[in-house]
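Single-structure report; data block below.
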Amino acid sequence: MKKWILGLAIISLIWACGGSGDNSGTTGTTDKKVSDAGDVSDVNGKAIYKMSCVACHMADGSGGINGAKNLAESTLDLDGRIDMIKNGSEVNPTMVAFSGMLSPKEIKAVALYTMEFK
């Protein structure tokens with residue numbers, strides 16, 4: 001039973017951090033700059049972060065899982081964070097592009113939330 005639970009936890013962690021799925025599809029997003037997504041006050045960036053990012057970046061943004069960066073120590077500005085969330089990382093392929101999973105407003109809201117870790 002413990003092995004089954006451990007296996008399920010590992011699979012969940014890999015899935016939450018991006019796994020190896022194909023993220024080339026889109027959900028109707030455009031090539032418009034995400035930073036121009038407008039007002040995001042109606043989007044809960046913290047909730048999206050908890051659902052999509054916390055498995056690798058931890059609740060406090062300290063990172064560590066699968067090479068995830070410490071968001072408090074990140075030198076990326078808001079536009080850099082938006083770009084990283086939207087397009088993923090070339091350096092760490094487990095940081096997948098979320099442009100096919102999140103809307104431009106959701107990406108911006110998550111990026112704004114991660115700025116609070118500084």
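We name chains A, B, ... following the order of the structure tokens; residues begin at 1 in each chain, and ligands are numbered from 1 as shown.
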
Exercise: region 65-80 of chain A partners within 6 Å, only C-alpha atoms, chain neighbours under 3 positions left out, as a PyMOL selection string = chain A and resi 56-57+61-62+83+117-118

Restricting the output to N, CA and C atoms, write the selected residues as a PDB file, in the first residue's frame.
```pdb
ATOM      1  N   CYS A  56       6.775  22.159  -7.888  1.00  0.00           N
ATOM      2  CA  CYS A  56       8.210  22.333  -8.145  1.00  0.00           C
ATOM      3  C   CYS A  56       8.795  23.541  -7.416  1.00  0.00           C
ATOM      4  N   HIS A  57       8.049  24.644  -7.394  1.00  0.00           N
ATOM      5  CA  HIS A  57       8.564  25.890  -6.817  1.00  0.00           C
ATOM      6  C   HIS A  57       8.242  26.056  -5.335  1.00  0.00           C
ATOM      7  N   GLY A  61       7.839  29.623  -2.915  1.00  0.00           N
ATOM      8  CA  GLY A  61       8.653  30.003  -4.072  1.00  0.00           C
ATOM      9  C   GLY A  61      10.110  29.610  -3.967  1.00  0.00           C
ATOM     10  N   SER A  62      10.473  28.858  -2.931  1.00  0.00           N
ATOM     11  CA  SER A  62      11.888  28.529  -2.711  1.00  0.00           C
ATOM     12  C   SER A  62      12.452  27.509  -3.702  1.00  0.00           C
ATOM     13  N   ASP A  83       7.326  35.864 -19.676  1.00  0.00           N
ATOM     14  CA  ASP A  83       7.913  35.122 -20.788  1.00  0.00           C
ATOM     15  C   ASP A  83       8.260  33.690 -20.373  1.00  0.00           C
ATOM     16  N   PHE A 117       7.217  37.109  -3.913  1.00  0.00           N
ATOM     17  CA  PHE A 117       8.228  36.324  -3.217  1.00  0.00           C
ATOM     18  C   PHE A 117       9.523  37.099  -3.013  1.00  0.00           C
ATOM     19  N   LYS A 118       9.700  38.185  -3.715  1.00  0.00           N
ATOM     20  CA  LYS A 118      10.940  38.986  -3.616  1.00  0.00           C
ATOM     21  C   LYS A 118      11.030  39.679  -2.289  1.00  0.00           C
TER      22      LYS A 118
END
```

Please provide as number ranges by chain all residues within 12 Å of Ile107 (chain A), with the sequence filter that same-chain residues fewer than 4 positions apart are discarded (counting only C-alpha atoms).
-> A: 29, 33-38, 40, 43-49, 52-53, 78-88, 97-103, 111-114

Okay, now the selection with N, CA and C atoms, as an mmCIF file, in the first residue's frame?
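Wrote again.cif, looks like this:
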```cif
data_model
loop_
_atom_site.group_PDB
_atom_site.id
_atom_site.type_symbol
_atom_site.label_atom_id
_atom_site.label_comp_id
_atom_site.auth_asym_id
_atom_site.auth_seq_id
_atom_site.Cartn_x
_atom_site.Cartn_y
_atom_site.Cartn_z
ATOM 1 N N THR A 29 -5.102 31.279 -27.322
ATOM 2 C CA THR A 29 -4.299 32.450 -27.016
ATOM 3 C C THR A 29 -3.761 33.034 -28.307
ATOM 4 N N LYS A 33 1.374 40.298 -26.784
ATOM 5 C CA LYS A 33 2.209 40.242 -25.591
ATOM 6 C C LYS A 33 1.342 40.005 -24.363
ATOM 7 N N VAL A 34 1.732 39.021 -23.560
ATOM 8 C CA VAL A 34 0.957 38.698 -22.365
ATOM 9 C C VAL A 34 0.966 39.873 -21.396
ATOM 10 N N SER A 35 2.065 40.622 -21.344
ATOM 11 C CA SER A 35 2.119 41.750 -20.419
ATOM 12 C C SER A 35 1.082 42.816 -20.763
ATOM 13 N N ASP A 36 0.542 42.759 -21.990
ATOM 14 C CA ASP A 36 -0.506 43.676 -22.412
ATOM 15 C C ASP A 36 -1.897 43.082 -22.173
ATOM 16 N N ALA A 37 -1.979 42.047 -21.347
ATOM 17 C CA ALA A 37 -3.233 41.329 -21.130
ATOM 18 C C ALA A 37 -4.267 42.158 -20.385
ATOM 19 N N GLY A 38 -3.881 43.311 -19.912
ATOM 20 C CA GLY A 38 -4.834 44.183 -19.235
ATOM 21 C C GLY A 38 -4.984 43.869 -17.770
ATOM 22 N N VAL A 40 -5.899 42.217 -14.456
ATOM 23 C CA VAL A 40 -6.026 40.819 -14.054
ATOM 24 C C VAL A 40 -6.631 40.700 -12.656
ATOM 25 N N VAL A 43 -8.583 37.644 -11.804
ATOM 26 C CA VAL A 43 -7.922 36.351 -11.911
ATOM 27 C C VAL A 43 -7.112 36.106 -10.644
ATOM 28 N N ASN A 44 -7.239 34.945 -10.048
ATOM 29 C CA ASN A 44 -6.555 34.613 -8.804
ATOM 30 C C ASN A 44 -5.213 33.945 -9.114
ATOM 31 N N GLY A 45 -4.164 34.753 -9.230
ATOM 32 C CA GLY A 45 -2.828 34.250 -9.537
ATOM 33 C C GLY A 45 -2.312 33.280 -8.491
ATOM 34 N N LYS A 46 -2.638 33.524 -7.233
ATOM 35 C CA LYS A 46 -2.198 32.643 -6.150
ATOM 36 C C LYS A 46 -2.815 31.253 -6.307
ATOM 37 N N ALA A 47 -4.088 31.185 -6.622
ATOM 38 C CA ALA A 47 -4.755 29.892 -6.795
ATOM 39 C C ALA A 47 -4.176 29.131 -7.982
ATOM 40 N N ILE A 48 -3.903 29.832 -9.064
ATOM 41 C CA ILE A 48 -3.307 29.188 -10.238
ATOM 42 C C ILE A 48 -1.903 28.707 -9.912
ATOM 43 N N TYR A 49 -1.137 29.523 -9.184
ATOM 44 C CA TYR A 49 0.203 29.127 -8.746
ATOM 45 C C TYR A 49 0.128 27.846 -7.928
ATOM 46 N N SER A 52 -0.650 24.941 -10.359
ATOM 47 C CA SER A 52 0.252 24.627 -11.459
ATOM 48 C C SER A 52 1.741 24.705 -11.139
ATOM 49 N N CYS A 53 2.123 25.398 -10.076
ATOM 50 C CA CYS A 53 3.539 25.706 -9.858
ATOM 51 C C CYS A 53 4.117 25.175 -8.551
ATOM 52 N N LEU A 78 9.003 41.464 -14.185
ATOM 53 C CA LEU A 78 7.667 40.961 -14.495
ATOM 54 C C LEU A 78 7.586 40.420 -15.916
ATOM 55 N N ASP A 79 8.106 41.173 -16.891
ATOM 56 C CA ASP A 79 8.050 40.703 -18.280
ATOM 57 C C ASP A 79 8.851 39.412 -18.466
ATOM 58 N N GLY A 80 9.970 39.291 -17.770
ATOM 59 C CA GLY A 80 10.778 38.070 -17.849
ATOM 60 C C GLY A 80 10.047 36.878 -17.268
ATOM 61 N N ARG A 81 9.355 37.101 -16.172
ATOM 62 C CA ARG A 81 8.580 36.016 -15.556
ATOM 63 C C ARG A 81 7.414 35.618 -16.450
ATOM 64 N N ILE A 82 6.758 36.607 -17.027
ATOM 65 C CA ILE A 82 5.665 36.318 -17.957
ATOM 66 C C ILE A 82 6.191 35.476 -19.118
ATOM 67 N N ASP A 83 7.326 35.864 -19.676
ATOM 68 C CA ASP A 83 7.913 35.122 -20.788
ATOM 69 C C ASP A 83 8.260 33.690 -20.373
ATOM 70 N N MET A 84 8.816 33.517 -19.172
ATOM 71 C CA MET A 84 9.191 32.188 -18.694
ATOM 72 C C MET A 84 7.958 31.307 -18.525
ATOM 73 N N ILE A 85 6.895 31.854 -17.953
ATOM 74 C CA ILE A 85 5.672 31.078 -17.763
ATOM 75 C C ILE A 85 5.041 30.767 -19.113
ATOM 76 N N LYS A 86 5.020 31.731 -19.989
ATOM 77 C CA LYS A 86 4.396 31.551 -21.299
ATOM 78 C C LYS A 86 5.165 30.559 -22.172
ATOM 79 N N ASN A 87 6.493 30.693 -22.232
ATOM 80 C CA ASN A 87 7.291 29.924 -23.189
ATOM 81 C C ASN A 87 8.122 28.802 -22.594
ATOM 82 N N GLY A 88 8.199 28.717 -21.273
ATOM 83 C CA GLY A 88 9.019 27.681 -20.655
ATOM 84 C C GLY A 88 10.486 28.054 -20.669
ATOM 85 N N ALA A 97 6.185 25.314 -21.165
ATOM 86 C CA ALA A 97 5.421 26.484 -21.587
ATOM 87 C C ALA A 97 3.970 26.307 -21.161
ATOM 88 N N PHE A 98 3.435 27.295 -20.497
ATOM 89 C CA PHE A 98 2.047 27.241 -20.052
ATOM 90 C C PHE A 98 1.120 27.979 -21.002
ATOM 91 N N SER A 99 1.632 28.460 -22.132
ATOM 92 C CA SER A 99 0.788 29.206 -23.069
ATOM 93 C C SER A 99 -0.351 28.362 -23.617
ATOM 94 N N GLY A 100 -0.194 27.060 -23.662
ATOM 95 C CA GLY A 100 -1.260 26.185 -24.138
ATOM 96 C C GLY A 100 -2.217 25.766 -23.046
ATOM 97 N N MET A 101 -1.894 26.136 -21.795
ATOM 98 C CA MET A 101 -2.721 25.718 -20.661
ATOM 99 C C MET A 101 -3.383 26.883 -19.938
ATOM 100 N N LEU A 102 -2.762 28.051 -19.991
ATOM 101 C CA LEU A 102 -3.275 29.224 -19.289
ATOM 102 C C LEU A 102 -3.521 30.354 -20.274
ATOM 103 N N SER A 103 -4.503 31.169 -19.976
ATOM 104 C CA SER A 103 -4.785 32.336 -20.820
ATOM 105 C C SER A 103 -3.729 33.410 -20.537
ATOM 106 N N ALA A 111 2.462 35.534 -12.789
ATOM 107 C CA ALA A 111 3.727 36.275 -12.763
ATOM 108 C C ALA A 111 3.687 37.376 -11.710
ATOM 109 N N LEU A 112 2.581 38.104 -11.642
ATOM 110 C CA LEU A 112 2.430 39.144 -10.617
ATOM 111 C C LEU A 112 2.481 38.537 -9.222
ATOM 112 N N TYR A 113 1.833 37.396 -9.038
ATOM 113 C CA TYR A 113 1.870 36.743 -7.730
ATOM 114 C C TYR A 113 3.289 36.337 -7.357
ATOM 115 N N THR A 114 4.054 35.813 -8.317
ATOM 116 C CA THR A 114 5.430 35.379 -7.991
ATOM 117 C C THR A 114 6.333 36.541 -7.638
#
```

So what do you get for CA of Pro93 (chain A) versus CA of Met115 (chain A), distance-wise?
->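 Distance reported for this atom pair: 22.1 Å.
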